[in-house]
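J.: So here's upload18.tsv, just TSV, C-alpha atoms (C1' of nucleotides):
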chain	number	residue	atom	x	y	z
A	1	MET	CA	91.63	80.00	117.92
A	2	SER	CA	94.79	81.89	117.01
A	3	GLU	CA	95.72	85.21	118.54
A	4	GLN	CA	95.43	86.97	115.21
A	5	ALA	CA	91.88	85.72	114.73
A	6	THR	CA	90.87	87.14	118.12
A	7	ASP	CA	92.54	90.41	117.20
A	8	GLU	CA	90.70	90.64	113.89
A	9	ALA	CA	87.37	89.78	115.48
A	10	LEU	CA	87.78	92.36	118.25
A	11	ARG	CA	88.85	95.04	115.79
A	12	ALA	CA	85.79	94.24	113.67
A	13	LEU	CA	83.47	94.44	116.68
A	14	ALA	CA	85.00	97.74	117.78
A	15	GLY	CA	82.95	99.58	115.16
A	16	PRO	CA	79.37	100.29	116.27
A	17	ARG	CA	78.06	100.03	112.70
A	18	ARG	CA	79.56	96.60	112.25
A	19	ARG	CA	77.91	95.44	115.47
A	20	GLU	CA	74.55	96.65	114.17
A	21	ILE	CA	75.12	94.79	110.92
A	22	LEU	CA	75.97	91.66	112.87
A	23	ARG	CA	72.85	92.00	115.00
A	24	LEU	CA	70.82	92.34	111.81
A	25	VAL	CA	72.11	89.14	110.23
A	26	ALA	CA	72.09	87.27	113.53
A	27	ARG	CA	68.33	86.66	113.22
A	28	GLN	CA	67.78	86.76	109.44
A	29	GLU	CA	69.80	85.98	106.37
A	30	LEU	CA	69.92	89.23	104.41
A	31	ALA	CA	71.28	90.45	101.06
A	32	ALA	CA	73.93	93.17	100.92
A	33	GLY	CA	71.45	95.68	99.53
A	34	GLU	CA	68.89	94.93	102.22
A	35	ILE	CA	71.52	95.45	104.88
A	36	ALA	CA	72.65	98.71	103.30
A	37	ALA	CA	69.03	99.92	103.17
A	38	ALA	CA	68.91	99.73	106.97
A	39	PHE	CA	71.55	102.44	107.35
A	40	ASP	CA	72.06	106.05	106.33
A	41	VAL	CA	75.49	105.50	104.81
A	42	THR	CA	76.48	104.50	101.30
A	43	ARG	CA	76.21	100.97	100.02
A	44	THR	CA	79.97	101.12	99.52
A	45	ALA	CA	80.61	101.63	103.21
A	46	ILE	CA	78.38	98.68	104.10
A	47	SER	CA	80.14	96.50	101.55
A	48	GLN	CA	83.48	97.33	103.14
A	49	HIS	CA	82.10	96.54	106.58
A	50	LEU	CA	80.80	93.21	105.30
A	51	THR	CA	84.27	92.41	103.95
A	52	VAL	CA	85.84	93.18	107.32
A	53	LEU	CA	83.30	91.04	109.16
A	54	LYS	CA	83.76	88.20	106.68
A	55	ASN	CA	87.56	88.30	106.98
A	56	ALA	CA	87.16	88.26	110.75
A	57	GLY	CA	85.12	85.07	110.45
A	58	LEU	CA	82.08	86.71	111.99
A	59	LEU	CA	79.69	86.08	109.11
A	60	THR	CA	79.13	83.83	106.10
A	61	GLU	CA	78.51	84.76	102.49
A	62	ARG	CA	76.21	82.76	100.20
A	63	ARG	CA	75.55	83.70	96.57
A	64	ALA	CA	72.05	83.46	95.07
A	65	GLY	CA	71.93	84.89	91.56
A	66	THR	CA	73.25	88.41	91.59
A	67	ARG	CA	72.52	88.69	95.27
A	68	ARG	CA	74.85	87.83	98.13
A	69	LEU	CA	73.21	86.64	101.33
A	70	TYR	CA	74.93	87.14	104.66
A	71	ARG	CA	74.32	85.67	108.09
A	72	ALA	CA	76.19	85.66	111.39
A	73	ARG	CA	78.69	82.88	112.04
A	74	PRO	CA	78.53	81.50	115.60
A	75	GLN	CA	81.99	79.90	115.41
A	76	GLY	CA	83.50	83.33	114.93
A	77	LEU	CA	82.18	84.40	118.29
A	78	ALA	CA	83.25	81.25	120.11
A	79	GLY	CA	86.90	82.33	120.30
A	80	LEU	CA	85.96	85.65	121.83
A	81	ARG	CA	83.81	83.94	124.41
A	82	SER	CA	86.69	81.80	125.62
A	83	PHE	CA	88.96	84.84	125.58
A	84	LEU	CA	86.57	86.74	127.83
A	85	ASP	CA	85.96	83.72	130.03
A	86	ASP	CA	89.69	83.28	130.70
A	87	MET	CA	90.13	86.94	131.53
A	88	TRP	CA	87.05	86.93	133.70
A	89	ALA	CA	88.22	83.91	135.73
A	90	SER	CA	91.67	85.44	136.20
A	91	SER	CA	90.37	88.78	137.38
A	92	LEU	CA	88.02	87.06	139.81
A	93	ASP	CA	91.03	85.15	141.17
A	94	ILE	CA	93.10	88.26	141.79
A	95	ALA	CA	90.14	89.98	143.42
A	96	ARG	CA	89.69	87.04	145.80
A	97	GLN	CA	93.42	86.86	146.54
A	98	LEU	CA	93.51	90.56	147.42
A	99	VAL	CA	90.61	90.19	149.81
A	100	GLU	CA	92.35	87.26	151.51
A	101	ALA	CA	95.61	89.22	151.67
A	102	GLU	CA	93.87	92.10	153.43
A	103	ALA	CA	92.25	89.66	155.83
A	104	GLY	CA	95.70	88.15	156.44
A	105	VAL	CA	97.11	91.60	157.26
A	106	ASP	CA	94.28	92.17	159.70
A	107	ASP	CA	95.05	88.82	161.33
A	108	ASN	CA	98.72	89.72	161.68
A	109	GLU	CA	97.88	93.05	163.26
A	110	GLN	CA	95.59	91.24	165.65
A	111	ARG	CA	98.31	88.73	166.53
A	112	ASN	CA	100.86	91.52	166.98
A	113	ARG	CA	98.48	93.19	169.38
A	114	ASP	CA	98.03	89.87	171.17
A	115	THR	CA	101.75	89.18	171.48
A	116	GLY	CA	102.82	92.82	172.00
B	117	MET	CA	75.06	97.55	130.89
B	118	SER	CA	74.48	100.51	128.57
B	119	GLU	CA	75.28	100.42	124.88
B	120	GLN	CA	77.94	103.08	125.26
B	121	ALA	CA	79.71	101.07	127.92
B	122	THR	CA	79.87	98.06	125.61
B	123	ASP	CA	81.17	100.28	122.84
B	124	GLU	CA	83.90	101.74	125.03
B	125	ALA	CA	84.93	98.32	126.31
B	126	LEU	CA	85.13	96.84	122.82
B	127	ARG	CA	87.10	99.79	121.51
B	128	ALA	CA	89.50	99.41	124.42
B	129	LEU	CA	89.94	95.68	123.77
B	130	ALA	CA	90.52	96.29	120.05
B	131	GLY	CA	94.10	97.33	120.79
B	132	PRO	CA	96.48	94.37	121.20
B	133	ARG	CA	98.68	96.26	123.67
B	134	ARG	CA	95.70	97.03	125.89
B	135	ARG	CA	94.76	93.35	125.90
B	136	GLU	CA	98.29	92.47	127.01
B	137	ILE	CA	98.09	95.04	129.79
B	138	LEU	CA	94.77	93.59	130.88
B	139	ARG	CA	96.20	90.08	130.90
B	140	LEU	CA	99.06	91.34	133.05
B	141	VAL	CA	96.84	92.88	135.72
B	142	ALA	CA	94.36	90.03	135.57
B	143	ARG	CA	96.60	87.87	137.79
B	144	GLN	CA	98.56	90.47	139.77
B	145	GLU	CA	97.98	93.98	141.01
B	146	LEU	CA	100.74	96.06	139.43
B	147	ALA	CA	101.96	99.67	139.52
B	148	ALA	CA	101.95	101.82	136.41
B	149	GLY	CA	105.73	101.73	136.20
B	150	GLU	CA	105.87	97.96	136.57
B	151	ILE	CA	103.36	97.59	133.73
B	152	ALA	CA	105.30	100.02	131.55
B	153	ALA	CA	108.52	98.07	132.22
B	154	ALA	CA	106.93	95.03	130.56
B	155	PHE	CA	106.73	96.76	127.19
B	156	ASP	CA	109.08	98.40	124.72
B	157	VAL	CA	107.09	101.62	124.43
B	158	THR	CA	107.21	104.79	126.48
B	159	ARG	CA	105.69	105.10	129.92
B	160	THR	CA	103.48	107.80	128.44
B	161	ALA	CA	101.88	105.39	125.97
B	162	ILE	CA	101.15	102.90	128.75
B	163	SER	CA	99.65	105.64	130.92
B	164	GLN	CA	97.30	106.57	128.11
B	165	HIS	CA	96.33	102.94	127.63
B	166	LEU	CA	95.63	102.66	131.35
B	167	THR	CA	93.37	105.71	131.16
B	168	VAL	CA	91.44	104.19	128.27
B	169	LEU	CA	91.04	100.88	130.10
B	170	LYS	CA	89.98	102.66	133.28
B	171	ASN	CA	87.38	104.78	131.46
B	172	ALA	CA	86.06	101.61	129.84
B	173	GLY	CA	85.56	100.11	133.30
B	174	LEU	CA	87.98	97.27	132.55
B	175	LEU	CA	90.36	97.95	135.44
B	176	THR	CA	90.53	99.59	138.85
B	177	GLU	CA	93.01	102.15	140.14
B	178	ARG	CA	94.23	102.22	143.75
B	179	ARG	CA	96.71	104.76	145.07
B	180	ALA	CA	99.47	103.77	147.48
B	181	GLY	CA	101.83	106.66	148.16
B	182	THR	CA	103.21	107.94	144.88
B	183	ARG	CA	102.39	104.68	143.19
B	184	ARG	CA	99.14	103.73	141.48
B	185	LEU	CA	98.19	100.09	141.52
B	186	TYR	CA	96.00	98.64	138.81
B	187	ARG	CA	94.08	95.38	138.49
B	188	ALA	CA	91.49	93.97	136.13
B	189	ARG	CA	87.83	94.58	136.91
B	190	PRO	CA	85.63	91.51	136.26
B	191	GLN	CA	82.39	93.54	136.14
B	192	GLY	CA	83.71	95.39	133.12
B	193	LEU	CA	83.84	92.15	131.17
B	194	ALA	CA	80.41	90.94	132.26
B	195	GLY	CA	78.58	93.20	129.82
B	196	LEU	CA	80.65	91.94	126.93
B	197	ARG	CA	79.94	88.37	127.91
B	198	SER	CA	76.18	88.89	127.76
B	199	PHE	CA	76.59	90.79	124.49
B	200	LEU	CA	78.43	87.86	122.94
B	201	ASP	CA	76.06	85.33	124.46
B	202	ASP	CA	73.01	87.03	122.92
B	203	MET	CA	74.66	87.25	119.54
B	204	TRP	CA	75.79	83.65	119.78
B	205	ALA	CA	72.32	82.34	120.63
B	206	SER	CA	70.75	84.35	117.82
B	207	SER	CA	73.19	83.17	115.18
B	208	LEU	CA	72.69	79.57	116.30
B	209	ASP	CA	68.93	80.08	115.89
B	210	ILE	CA	69.19	81.42	112.35
B	211	ALA	CA	71.57	78.60	111.42
B	212	ARG	CA	69.10	76.01	112.69
B	213	GLN	CA	66.16	77.70	110.96
B	214	LEU	CA	68.00	77.70	107.63
B	215	VAL	CA	68.78	74.00	107.92
B	216	GLU	CA	65.10	73.27	108.65
B	217	ALA	CA	64.04	75.46	105.73
B	218	GLU	CA	66.29	73.52	103.36
B	219	ALA	CA	64.91	70.26	104.72
B	220	GLY	CA	61.41	71.63	104.15
B	221	VAL	CA	62.22	72.44	100.55
B	222	ASP	CA	63.54	68.92	100.05
B	223	ASP	CA	60.34	67.50	101.56
B	224	ASN	CA	58.21	69.58	99.21
B	225	GLU	CA	60.20	68.42	96.21
B	226	GLN	CA	59.78	64.86	97.36
B	227	ARG	CA	56.01	65.33	97.82
B	228	ASN	CA	55.74	66.98	94.42
B	229	ARG	CA	57.43	63.98	92.91
B	230	ASP	CA	55.10	61.71	94.86
B	231	THR	CA	51.95	63.55	93.81
B	232	GLY	CA	53.17	64.40	90.29
C	233	DT	C1'	112.29	123.50	152.10
C	234	DT	C1'	114.96	120.94	148.60
C	235	DC	C1'	115.55	116.65	146.30
C	236	DT	C1'	113.95	112.34	144.36
C	237	DA	C1'	110.58	109.03	142.76
C	238	DT	C1'	106.31	107.94	140.59
C	239	DC	C1'	102.92	109.16	137.54
C	240	DG	C1'	99.49	111.85	134.51
C	241	DT	C1'	98.80	115.45	130.81
C	242	DT	C1'	99.61	118.12	126.67
C	243	DA	C1'	101.18	119.15	121.84
C	244	DG	C1'	102.63	117.26	117.74
C	245	DC	C1'	103.52	113.69	114.19
C	246	DG	C1'	102.62	109.56	111.31
C	247	DT	C1'	99.39	106.00	110.27
C	248	DA	C1'	95.05	103.56	110.12
C	249	DC	C1'	90.14	103.87	109.75
C	250	DA	C1'	85.27	105.21	107.96
C	251	DC	C1'	83.20	107.27	104.46
C	252	DT	C1'	82.01	109.01	99.56
C	253	DG	C1'	81.96	109.01	94.41
C	254	DA	C1'	83.20	106.80	90.17
C	255	DC	C1'	84.05	102.56	87.98
C	256	DA	C1'	83.99	97.43	86.88
C	257	DG	C1'	82.33	92.54	87.25
C	258	DA	C1'	78.70	89.09	87.40
C	259	DT	C1'	73.90	87.49	86.89
C	260	DG	C1'	69.13	87.53	85.07
C	261	DT	C1'	65.66	89.63	81.28
C	262	DG	C1'	63.80	91.15	76.66
D	263	DC	C1'	72.87	90.61	71.62
D	264	DA	C1'	71.55	94.88	74.58
D	265	DC	C1'	69.84	96.27	79.02
D	266	DA	C1'	68.92	96.53	83.90
D	267	DT	C1'	69.98	94.74	88.59
D	268	DC	C1'	72.96	93.66	92.36
D	269	DT	C1'	77.28	94.03	94.13
D	270	DG	C1'	82.48	94.60	94.94
D	271	DT	C1'	86.69	97.51	94.18
D	272	DC	C1'	89.57	101.68	93.73
D	273	DA	C1'	91.15	106.50	94.73
D	274	DG	C1'	90.63	110.30	97.55
D	275	DT	C1'	89.32	112.92	101.91
D	276	DG	C1'	88.51	113.90	106.81
D	277	DT	C1'	88.95	112.06	111.34
D	278	DA	C1'	90.54	109.09	115.08
D	279	DC	C1'	94.25	106.41	117.02
D	280	DG	C1'	99.01	105.21	118.90
D	281	DC	C1'	103.16	106.90	119.78
D	282	DT	C1'	107.01	110.23	121.50
D	283	DA	C1'	109.06	114.27	123.91
D	284	DA	C1'	108.49	117.89	127.18
D	285	DC	C1'	106.18	119.51	131.08
D	286	DG	C1'	103.44	119.52	135.47
D	287	DA	C1'	101.61	117.44	139.73
D	288	DT	C1'	101.82	114.69	143.93
D	289	DA	C1'	104.03	112.02	147.83
D	290	DG	C1'	107.83	110.78	150.62
D	291	DA	C1'	112.93	111.51	152.24
D	292	DA	C1'	116.84	114.51	153.66
I need this file expressed as structure tokens, please.
T.:
Amino acid sequence: MSEQATDEALRALAGPRRREILRLVARQELAAGEIAAAFDVTRTAISQHLTVLKNAGLLTERRAGTRRLYRARPQGLAGLRSFLDDMWASSLDIARQLVEAEAGVDDNEQRNRDTG
Amino acid sequence: MSEQATDEALRALAGPRRREILRLVARQELAAGEIAAAFDVTRTAISQHLTVLKNAGLLTERRAGTRRLYRARPQGLAGLRSFLDDMWASSLDIARQLVEAEAGVDDNEQRNRDTG
DNA sequence: TTCTATCGTTAGCGTACACTGACAGATGTG
DNA sequence: CACATCTGTCAGTGTACGCTAACGATAGAA
């Protein structure tokens, strides 16, 4: 997954409303109007959110007559998962290294006391 | 992890510069000035980014003399991982259900043809 | 204390974002 | 065809965000 795709996906997920939309279509395939009915904002706002989520690869659009059905797209989340996993592993590494470094300092102090 | 914590973490990660900072301190513990030296923006901007990341629980601050050392905080990413995992599992479910539904429709059409 | 180094905070500016209202396109119905 | 339904797009407005410059605070050295 490219860096720009991760950026777009994270920017899309930064909005609480877009996360609620995504949660909604993660379990059911819903039409734009049905999604909009679940919120207190205008249909226009929801439509714009759906566009952002679609461009970020986080959901899929399927046309059925005049209606447009949306559902979450697992592949769009896969890139973010690996992004978080990498960061998580790295930060665990540095945490472990710092603990060992402190233990090493303690050992040196002990040795200094022994040899002093 | 609370909903607000997830919101703050995602908002913090939405900025590309903050992600770069996080990547930097994911492998080494660095001082604020050292982090700022890695970018072309003002030290002030970096300081503000560090505050945002710290409030989001994504990094830890440790004071050593006049310097402040920062490093990534794995626990801050854990909540996001579970958030993504839930969403991922759900969207896989709905995808599978839709495939089965289409197969069911095909079966019905076949049976209709058989019985018609 | 005075000086220096390191760093955070505040005020202000420009831009991007979320939202609304009005309009336009596309698909079924009588 | 005319009409209603479902939906996306455009222009405008208020707010939040990222950045800079100036200032203030803290810790160590002379």
J.: Do you know which residues are at most 12 Å from stretch 237-250 of chain C counting all atoms listed in the file, after dropping those on the same chain fewer than 3 positions away, and could you put them as a PyMOL selection string?
T.: (chain A and resi 11-12+14-18+41-42+44-49+52) or (chain B and resi 147-150+152+159-167+179-185) or (chain D and resi 275-291)
J.: For those residues, write C-alpha atoms (C1' of nucleotides) to a file as a PDB file, keeping the file's coordinate frame.
T.:
ATOM      1  CA  ARG A  11      88.850  95.040 115.790  1.00  0.00           C
ATOM      2  CA  ALA A  12      85.790  94.240 113.670  1.00  0.00           C
ATOM      3  CA  ALA A  14      85.000  97.740 117.780  1.00  0.00           C
ATOM      4  CA  GLY A  15      82.950  99.580 115.160  1.00  0.00           C
ATOM      5  CA  PRO A  16      79.370 100.290 116.270  1.00  0.00           C
ATOM      6  CA  ARG A  17      78.060 100.030 112.700  1.00  0.00           C
ATOM      7  CA  ARG A  18      79.560  96.600 112.250  1.00  0.00           C
ATOM      8  CA  VAL A  41      75.490 105.500 104.810  1.00  0.00           C
ATOM      9  CA  THR A  42      76.480 104.500 101.300  1.00  0.00           C
ATOM     10  CA  THR A  44      79.970 101.120  99.520  1.00  0.00           C
ATOM     11  CA  ALA A  45      80.610 101.630 103.210  1.00  0.00           C
ATOM     12  CA  ILE A  46      78.380  98.680 104.100  1.00  0.00           C
ATOM     13  CA  SER A  47      80.140  96.500 101.550  1.00  0.00           C
ATOM     14  CA  GLN A  48      83.480  97.330 103.140  1.00  0.00           C
ATOM     15  CA  HIS A  49      82.100  96.540 106.580  1.00  0.00           C
ATOM     16  CA  VAL A  52      85.840  93.180 107.320  1.00  0.00           C
TER      17      VAL A  52
ATOM     18  CA  ALA B 147     101.960  99.670 139.520  1.00  0.00           C
ATOM     19  CA  ALA B 148     101.950 101.820 136.410  1.00  0.00           C
ATOM     20  CA  GLY B 149     105.730 101.730 136.200  1.00  0.00           C
ATOM     21  CA  GLU B 150     105.870  97.960 136.570  1.00  0.00           C
ATOM     22  CA  ALA B 152     105.300 100.020 131.550  1.00  0.00           C
ATOM     23  CA  ARG B 159     105.690 105.100 129.920  1.00  0.00           C
ATOM     24  CA  THR B 160     103.480 107.800 128.440  1.00  0.00           C
ATOM     25  CA  ALA B 161     101.880 105.390 125.970  1.00  0.00           C
ATOM     26  CA  ILE B 162     101.150 102.900 128.750  1.00  0.00           C
ATOM     27  CA  SER B 163      99.650 105.640 130.920  1.00  0.00           C
ATOM     28  CA  GLN B 164      97.300 106.570 128.110  1.00  0.00           C
ATOM     29  CA  HIS B 165      96.330 102.940 127.630  1.00  0.00           C
ATOM     30  CA  LEU B 166      95.630 102.660 131.350  1.00  0.00           C
ATOM     31  CA  THR B 167      93.370 105.710 131.160  1.00  0.00           C
ATOM     32  CA  ARG B 179      96.710 104.760 145.070  1.00  0.00           C
ATOM     33  CA  ALA B 180      99.470 103.770 147.480  1.00  0.00           C
ATOM     34  CA  GLY B 181     101.830 106.660 148.160  1.00  0.00           C
ATOM     35  CA  THR B 182     103.210 107.940 144.880  1.00  0.00           C
ATOM     36  CA  ARG B 183     102.390 104.680 143.190  1.00  0.00           C
ATOM     37  CA  ARG B 184      99.140 103.730 141.480  1.00  0.00           C
ATOM     38  CA  LEU B 185      98.190 100.090 141.520  1.00  0.00           C
TER      39      LEU B 185
ATOM     40  C1'  DT D 275      89.320 112.920 101.910  1.00  0.00           C
ATOM     41  C1'  DG D 276      88.510 113.900 106.810  1.00  0.00           C
ATOM     42  C1'  DT D 277      88.950 112.060 111.340  1.00  0.00           C
ATOM     43  C1'  DA D 278      90.540 109.090 115.080  1.00  0.00           C
ATOM     44  C1'  DC D 279      94.250 106.410 117.020  1.00  0.00           C
ATOM     45  C1'  DG D 280      99.010 105.210 118.900  1.00  0.00           C
ATOM     46  C1'  DC D 281     103.160 106.900 119.780  1.00  0.00           C
ATOM     47  C1'  DT D 282     107.010 110.230 121.500  1.00  0.00           C
ATOM     48  C1'  DA D 283     109.060 114.270 123.910  1.00  0.00           C
ATOM     49  C1'  DA D 284     108.490 117.890 127.180  1.00  0.00           C
ATOM     50  C1'  DC D 285     106.180 119.510 131.080  1.00  0.00           C
ATOM     51  C1'  DG D 286     103.440 119.520 135.470  1.00  0.00           C
ATOM     52  C1'  DA D 287     101.610 117.440 139.730  1.00  0.00           C
ATOM     53  C1'  DT D 288     101.820 114.690 143.930  1.00  0.00           C
ATOM     54  C1'  DA D 289     104.030 112.020 147.830  1.00  0.00           C
ATOM     55  C1'  DG D 290     107.830 110.780 150.620  1.00  0.00           C
ATOM     56  C1'  DA D 291     112.930 111.510 152.240  1.00  0.00           C
TER      57       DA D 291
END
J.: Give me, as JSON lines, each residue of chain C that comes within 8 Å of chain A, together with its shortest interatomic pair and the distance in Å at one decimal, counting only C-alpha atoms (C1' of nucleotides), with rows ordered by chain and rising residue number.
T.:
{"residue": "C:DA250", "atom": "C1'", "partner": "A:Ala45", "partner_atom": "CA", "distance": 7.6}
{"residue": "C:DC251", "atom": "C1'", "partner": "A:Ala45", "partner_atom": "CA", "distance": 6.3}
{"residue": "C:DT252", "atom": "C1'", "partner": "A:Thr42", "partner_atom": "CA", "distance": 7.3}
{"residue": "C:DA258", "atom": "C1'", "partner": "A:Thr66", "partner_atom": "CA", "distance": 6.9}
{"residue": "C:DT259", "atom": "C1'", "partner": "A:Thr66", "partner_atom": "CA", "distance": 4.8}
{"residue": "C:DG260", "atom": "C1'", "partner": "A:Gly65", "partner_atom": "CA", "distance": 7.5}
J.: Over all C-alpha pairs taken in sequence order, what does chain B look like after a least-squares fit onto chain A? Please give it as a CSV table (one decimal) with C-alpha atoms, in the coordinates of the input.
T.:
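Result written to part.csv:
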chain,number,residue,atom,x,y,z
B,117,MET,CA,91.5,80.0,117.9
B,118,SER,CA,94.7,81.9,117.0
B,119,GLU,CA,95.6,85.2,118.5
B,120,GLN,CA,95.4,86.9,115.2
B,121,ALA,CA,91.8,85.7,114.7
B,122,THR,CA,90.8,87.1,118.1
B,123,ASP,CA,92.5,90.4,117.2
B,124,GLU,CA,90.7,90.6,113.9
B,125,ALA,CA,87.3,89.8,115.5
B,126,LEU,CA,87.8,92.4,118.2
B,127,ARG,CA,88.8,95.0,115.8
B,128,ALA,CA,85.8,94.2,113.7
B,129,LEU,CA,83.4,94.5,116.7
B,130,ALA,CA,85.0,97.8,117.8
B,131,GLY,CA,82.9,99.6,115.1
B,132,PRO,CA,79.4,100.3,116.2
B,133,ARG,CA,78.0,100.1,112.7
B,134,ARG,CA,79.5,96.6,112.2
B,135,ARG,CA,77.9,95.5,115.5
B,136,GLU,CA,74.5,96.7,114.2
B,137,ILE,CA,75.1,94.8,110.9
B,138,LEU,CA,75.9,91.7,112.9
B,139,ARG,CA,72.8,92.1,115.0
B,140,LEU,CA,70.8,92.4,111.8
B,141,VAL,CA,72.1,89.2,110.2
B,142,ALA,CA,72.1,87.3,113.5
B,143,ARG,CA,68.3,86.7,113.2
B,144,GLN,CA,67.8,86.8,109.4
B,145,GLU,CA,69.8,86.0,106.3
B,146,LEU,CA,69.9,89.2,104.4
B,147,ALA,CA,71.3,90.4,101.0
B,148,ALA,CA,73.9,93.1,100.9
B,149,GLY,CA,71.4,95.7,99.5
B,150,GLU,CA,68.9,94.9,102.2
B,151,ILE,CA,71.5,95.5,104.9
B,152,ALA,CA,72.6,98.7,103.2
B,153,ALA,CA,69.0,99.9,103.1
B,154,ALA,CA,68.9,99.7,106.9
B,155,PHE,CA,71.5,102.5,107.3
B,156,ASP,CA,72.0,106.1,106.2
B,157,VAL,CA,75.4,105.5,104.7
B,158,THR,CA,76.4,104.5,101.2
B,159,ARG,CA,76.2,101.0,99.9
B,160,THR,CA,80.0,101.1,99.5
B,161,ALA,CA,80.6,101.7,103.2
B,162,ILE,CA,78.3,98.7,104.1
B,163,SER,CA,80.1,96.5,101.5
B,164,GLN,CA,83.4,97.3,103.1
B,165,HIS,CA,82.0,96.6,106.6
B,166,LEU,CA,80.8,93.2,105.3
B,167,THR,CA,84.2,92.4,103.9
B,168,VAL,CA,85.8,93.2,107.3
B,169,LEU,CA,83.3,91.1,109.1
B,170,LYS,CA,83.7,88.2,106.7
B,171,ASN,CA,87.5,88.3,107.0
B,172,ALA,CA,87.1,88.3,110.8
B,173,GLY,CA,85.1,85.1,110.5
B,174,LEU,CA,82.0,86.7,112.0
B,175,LEU,CA,79.7,86.1,109.1
B,176,THR,CA,79.1,83.8,106.1
B,177,GLU,CA,78.5,84.8,102.5
B,178,ARG,CA,76.2,82.8,100.2
B,179,ARG,CA,75.6,83.7,96.6
B,180,ALA,CA,72.1,83.4,95.0
B,181,GLY,CA,72.1,84.8,91.5
B,182,THR,CA,73.3,88.3,91.5
B,183,ARG,CA,72.6,88.6,95.2
B,184,ARG,CA,74.9,87.8,98.1
B,185,LEU,CA,73.2,86.6,101.3
B,186,TYR,CA,74.9,87.1,104.6
B,187,ARG,CA,74.3,85.7,108.1
B,188,ALA,CA,76.2,85.7,111.4
B,189,ARG,CA,78.6,82.9,112.0
B,190,PRO,CA,78.5,81.6,115.6
B,191,GLN,CA,81.9,79.9,115.5
B,192,GLY,CA,83.5,83.4,114.9
B,193,LEU,CA,82.2,84.5,118.3
B,194,ALA,CA,83.3,81.3,120.2
B,195,GLY,CA,86.9,82.4,120.3
B,196,LEU,CA,86.0,85.7,121.9
B,197,ARG,CA,83.8,84.0,124.4
B,198,SER,CA,86.7,81.8,125.7
B,199,PHE,CA,89.0,84.9,125.6
B,200,LEU,CA,86.6,86.8,127.9
B,201,ASP,CA,86.0,83.7,130.1
B,202,ASP,CA,89.7,83.3,130.7
B,203,MET,CA,90.2,86.9,131.5
B,204,TRP,CA,87.1,86.9,133.7
B,205,ALA,CA,88.2,83.9,135.8
B,206,SER,CA,91.7,85.4,136.2
B,207,SER,CA,90.5,88.8,137.4
B,208,LEU,CA,88.1,87.1,139.8
B,209,ASP,CA,91.1,85.1,141.2
B,210,ILE,CA,93.2,88.2,141.8
B,211,ALA,CA,90.3,90.0,143.4
B,212,ARG,CA,89.8,87.1,145.8
B,213,GLN,CA,93.5,86.8,146.6
B,214,LEU,CA,93.7,90.5,147.4
B,215,VAL,CA,90.8,90.2,149.8
B,216,GLU,CA,92.5,87.3,151.5
B,217,ALA,CA,95.8,89.2,151.7
B,218,GLU,CA,94.1,92.1,153.4
B,219,ALA,CA,92.4,89.7,155.8
B,220,GLY,CA,95.8,88.2,156.5
B,221,VAL,CA,97.3,91.6,157.3
B,222,ASP,CA,94.4,92.2,159.7
B,223,ASP,CA,95.1,88.9,161.4
B,224,ASN,CA,98.7,89.7,161.8
B,225,GLU,CA,98.0,93.0,163.3
B,226,GLN,CA,95.6,91.4,165.7
B,227,ARG,CA,98.2,88.7,166.6
B,228,ASN,CA,100.8,91.4,167.1
B,229,ARG,CA,98.4,93.2,169.5
B,230,ASP,CA,97.8,89.9,171.2
B,231,THR,CA,101.5,89.0,171.6
B,232,GLY,CA,102.6,92.6,172.2
J.: Between atom CA of B:Phe155 and atom CA of A:Glu8, what is the spacing in Å?
T.: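 Here the two named atoms are 21.7 Å from each other.
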J.: May I ask for the distance between atom CA of A:Ser82 and atom CA of A:Thr60, given in Å to one decimal place?
T.: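 Atom CA of A:Ser82 sits 21.0 Å away from atom CA of A:Thr60.
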J.: Of the residues B:Leu129, B:Leu208, B:Ala142, B:Ile151, which is the one nearest to B:Leu175, using all atoms listed in the file?
T.: B:Ala142
J.: Of the residues A:Ala56, A:Leu10, A:Ala37, A:Gly79, which is the one nearest to chain B, using all atoms listed in the file?
T.: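 Checking each candidate against chain B, we get A:Leu10 as the closest.
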J.: Within 8 Å of A:Val25, counting all atoms listed in the file, which residues show up once you throw out same-chain ones fewer than 6 positions away? Write them as a list in words, please.
T.: Tyr70, Arg71 and Ala72 of chain A; Ser207 of chain B
J.: Residues of chain D within 9 Å of chain A, counting only C-alpha atoms (C1' of nucleotides) - could you list those as a VMD selection string?
T.: chain D and resid 267 to 270
J.: Tell me, in Å to one decimal, how far atom CA of B:Glu177 is from atom C1' of C:DT236.
T.: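 Value for the atom CA of B:Glu177-atom C1' of C:DT236 distance: 23.7 Å.
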J.: Which protein, DNA or RNA residues are at most 12 Å from (67.4, 82.3, 113.8) in the file's coordinates when you count only C-alpha atoms (C1' of nucleotides), listed as a list in words?
T.: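 Here the neighbourhood of the point contains Arg23, Leu24, Val25, Ala26, Arg27, Gln28, Glu29, Leu30, Arg71, Ala72, Arg73 and Pro74 of chain A; Asp202, Met203, Trp204, Ala205, Ser206, Ser207, Leu208, Asp209, Ile210, Ala211, Arg212, Gln213, Leu214, Val215, Glu216 and Ala217 of chain B.
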J.: Of the candidates A:Gln75, A:Arg62, A:Gly57, A:Asp40, which shows the shortest atom-to-atom distance to chain B, using only C-alpha atoms?
T.: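 Comparing A:Gln75, A:Arg62, A:Gly57, A:Asp40 against chain B, the winner is A:Gln75.
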J.: Tell me which of B:Glu136, B:Asp123, B:Ala154, B:Asn171 sits closest to chain A, counting all atoms listed in the file.
T.: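 Going through B:Glu136, B:Asp123, B:Ala154, B:Asn171 one by one, the smallest distance to chain A is for B:Asp123.
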